[in-house]
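Participant: Sharing a structure here in structure tokens format.
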Amino acid sequence: MKMLETNRITKVFGGLVAVSDLTISIQKNEIIGLIGPNGAGKTTAFNMITGIYPPTRGTVTFLDQDITGHKPHFVTRLGIARTFQNIRLFKELSVLENVFVANHLRLKSNIFSSVIRTPGYVRQEKEMYEKTMMLLEKVGLIDVADETATSLPYGKQRRLEIARALATGPSLLLLDEPAAGMNPQESHELMDFIFHVREQFDMTILMIEHHMQVVMGVCERMYVLDYGITIAEGPPEKIQNDPKVIEAYLGVD
Amino acid sequence: MKRKNSVLSFAGVVFCLLLLLLFNKTFDSYKMRIFNLCAIYITLGLSLNLVNGFTGLFSLGHAGFMAVGAYTCALLTLSPANKEMNFFLQPILPFLANTEWPFFPALLVSGLCAAIIGFLIAAPVLRLKDDYLAIATLGFSEIIRVIFTNTQRLTNGALGLKGLPNYTNVWWSWGVAALTIVFMIRLMRGSYGKALKSIREDEIAAEAMGIDVFRHKVISFTISSFFAGIGGALLGHLLGTIDPLMFRFLLTFNILLIVVLGGIGSITGTVIAAIVVTVLMEVLRVLDSSIDFGLFVMKGIPGLRMVIFSALLMAVILFYQRGLMGTNEFSWDSLGKRLRRIKKRGPK
Ligand SMILES: Nc1ncnc2c1ncn2[C@@H]1O[C@H](COP(=O)(O)OP(=O)(O)OP(=O)(O)O)[C@@H](O)[C@H]1O
Ligand SMILES: [Mg+2]
């Protein structure tokens with residue numbers, strides 16, 4: 001089953017073509033990598049898929065629905081969740097609240113029922129709370145549930161961000177450099193965690209990552225961007241030996 | 001533990017009621033007025049805190065929404081005879097000439113009118129952020145005031161309205177304040193409250209978590225305007241007179257002062273600060289008039305009270321950057337913890 005397809009999406013900022021004619025296609029339960037040197041346009045590609053920027057040209061199709069140019073909250077509701085390169089947790093909220101609030105989009109009560117606490121609302125809130133606890137349990141953050149998000153060590157913050165994205169009930173997860181700033185031990189745990197998420201949540205994953213060991217270790221296929229242009233595509237073995245990729249990474253002119 | 005807390009809360013409520021009864025019996029009209037003002041400022045402070053503290057929008061339009069509420073309520077409750085006396089320059093619009101509503105429905109409609117105006121203003125201004133939002137809301141509030149100054153047949157223009165029935169008593173003012181407190185506590189405990197806080201923390205992340213940020217901001221702004229309208233109406237019926245000048249930026253500033261002093265994003269802080277600021281404003285009034293020290297008489301300097309207040313505000317901002325309470329709230333558990341800690345330290 002095809003999850004996501006982008007058809008020649010392009011983003012132009014002023015005179016700069018950040019992403020040019022990016023065409024990717026992801027099947028259910030795949031783990032796909034999006035790699036490339038700094039400034040290659042990887043985050044911009046994510047931003048176009050999740051609706052933060054509308055593409056200048058091209059279309060994004062998710063589960064056979066055209067989602068090009070839709071608002072981010074709408075895209076999330078359809079089932080694409082993401083994390084951010086520079087962690088964007090709700091800093092003052094607790095770990096529990098961070099995940100809890102990611103359930104809010106599925107709430108079917110209005111604000112007044114939440115204040116009056118109608119039986120319908122109370123039941124949903126209880127379900128949201130239980131789901132949150134279950135999720136925290138699954139990702140191993142249950143013992144820090146009441147801590148403030150920013151009091152966690154870096155690795156756990158990254159993990160919390162993934163948990164929060166999972167709480168929105170996605171079928172596709174976009175991870176923007178999940179291993180950034182992690183030590184070898186932490187990035188090893190992260191690799192296991194990503195596999196774990198795919199099994200446990202029946203997830204499809206598209207990830208941006210600089211850490212080659214992680215990308216080569218978990219991704220089945222990958223796309224390589226350089227200056228916004230897709231220079232290679234394929235399984236890890238093919239990418240590792242691709243002269244264009246080596247050139248882009250080593251910066252040979 | 002939970003049981004014990006609700007017993008404590010119940011006892012607290014009973015205690016407050018008794019206090020209310022006591023004050024109602026013993027206070028003279030001057031003290032009574034200050035006491036009522038405290039409650040009104042609680043309502044106003046909480047409503048501003050909903051937008052500025054909990055949703056993280058820097059709005060400065062409160063006085064405008066209060067004006068809408070105050071004028072609506074006044075026009076609905078003033079007796080036809082009284083209206084004729086007020087509108088001596090130009091007659092009042094015919095559809096308002098004979099309305100004389102009881103207080104409760106008038107109060108409700110004032111809140112609703114303010115909410116509608118808030119909703120209409122929200123659509124354009126909430127596309128802005130930070131200082132731009134502050135300037136735009138301030139602008140709209142001034143526009144409302146200027147409109148009210150110039151719609152002679154609707155609002156009696158700069159002359160204002162006099163002889164508003166003195167409906168605002170302890171029960172109304174404190175009843176509304178209590179309702180507002182309960183509303184805010186329940187709102188912030190629920191899913192919507194958490195969603196608003198997440199918008200304050202990180203708008204982009206909130207949007208990415210599927211929260212319709214714009215819609216939630218509009219809801220928050222509209223509810224805040226509703227309570228501002230109610231507060232304005234109560235204020236009008238407490239003072240007995242309203243005019244456009246009353247609703248200048250200074251009024252918004254006073255409420256902002258309460259929110260900042262109490263802690264942006266704390267219900268408890270706003271309640272405490274509303275009472276402290278209102279009482280201090282009156283106590284410090286002596287500074288504005290001359291004081292007799294026996295040996296010499298200090299000439300009063302009009303405005304000295306505001307200087308002291310500004311100094312106080314600066315001191316709080318310098319030493320407690322996040323107000324007295326920060327974003328913390330009162331709870332019996334935290335009080336218990338604190339008491340135990342004090343006990344442990346014990347007498348030397
Ligand atoms: N909002 C924006 N306005 C203007 N230019 C932008 C904007 N966002 C990104 N760019 C530019 O687009 C190019 C691609 O940026 P992008 O963030 O997508 O790179 P990246 O591949 O994620 O890099 P990194 O590995 O450093 O995160 C860069 O040159 C960047 O400066
Ligand atoms: Mg990036």
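To be explicit about the labels: the chains of the structure tokens are called A, B, and onward in the order shown, and within each one the residues are counted from 1, while ligands get numbers from 1 in the order they are shown.
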Enumerate as a list of chain:residue names all residues of region 149-192 of chain A assigned to helix (DSSP H, G or I) by DSSP on the backbone, naming them with the chain letters and numbers the document uses.
Facilitator: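 Written out, the helix (DSSP H, G or I) residues of region 149-192 of chain A are A:Ala149, A:Thr150, A:Ser151, A:Tyr154, A:Gly155, A:Lys156, A:Gln157, A:Arg158, A:Arg159, A:Leu160, A:Glu161, A:Ile162, A:Ala163, A:Arg164, A:Ala165, A:Leu166, A:Ala167, A:Pro184, A:Gln185, A:Glu186, A:Ser187, A:His188, A:Glu189, A:Leu190, A:Met191, A:Asp192.
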Participant: Find the residues in chain A near chain B: any atom within 7 Å counts, using only C-alpha atoms. Write them as a VMD selection string.
Facilitator: chain A and resid 72 to 74 76 to 77 88 90 to 91 101 to 102 104 to 105 111 114 to 115 165 168
Participant: Please, which residues have at least one atom within 9 Å of an atom of ligand 2, using only C-alpha atoms and all ligand atoms, listed as a PyMOL selection string?
Facilitator: chain A and resi 38-44+46+84-86+176-177+208-209
Participant: Looking at only C-alpha atoms, which of A:Leu34, A:Leu107, A:Val19, A:Met3 is the one that sits closest to Asp66 (chain A)?
Facilitator: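 Among the listed residues, the smallest separation from Asp66 (chain A) belongs to A:Met3.
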Participant: To one decimal place in Å, what is the distance between CA of Thr268 (chain B) and CA of Asn328 (chain B)?
Facilitator: 7.8 Å
Participant: Env of Thr72 (chain B): 9 Å cut, atoms = only C-alpha atoms, seq-sep filter 4 positions within chain, self excluded. Answer as a list in words.
Facilitator: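 The neighbour list is Ala67, Val68, Leu76, Thr77, Ala106, Leu107, Val109, Ser110, Gly111, Cys113, Ala114, Gly229 and Ala233 of chain B.
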Participant: Just write the chosen residues, C-alpha atoms, as a PDB file, in the first residue's frame.
Facilitator:
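As written to disk, part17.pdb reads:
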```
ATOM      1  CA  ALA B  67     -16.474  49.641  27.537  1.00  0.00           C
ATOM      2  CA  VAL B  68     -18.702  47.548  25.296  1.00  0.00           C
ATOM      3  CA  LEU B  76     -30.332  48.143  28.859  1.00  0.00           C
ATOM      4  CA  THR B  77     -30.978  48.863  32.529  1.00  0.00           C
ATOM      5  CA  ALA B 106     -28.580  42.781  30.899  1.00  0.00           C
ATOM      6  CA  LEU B 107     -25.305  41.572  32.414  1.00  0.00           C
ATOM      7  CA  VAL B 109     -26.075  40.380  27.120  1.00  0.00           C
ATOM      8  CA  SER B 110     -23.229  42.805  27.943  1.00  0.00           C
ATOM      9  CA  GLY B 111     -20.867  39.857  28.123  1.00  0.00           C
ATOM     10  CA  CYS B 113     -21.895  41.825  23.072  1.00  0.00           C
ATOM     11  CA  ALA B 114     -18.301  42.165  24.231  1.00  0.00           C
ATOM     12  CA  GLY B 229     -17.594  42.803  29.183  1.00  0.00           C
ATOM     13  CA  ALA B 233     -20.752  46.140  33.295  1.00  0.00           C
TER      14      ALA B 233
END
```
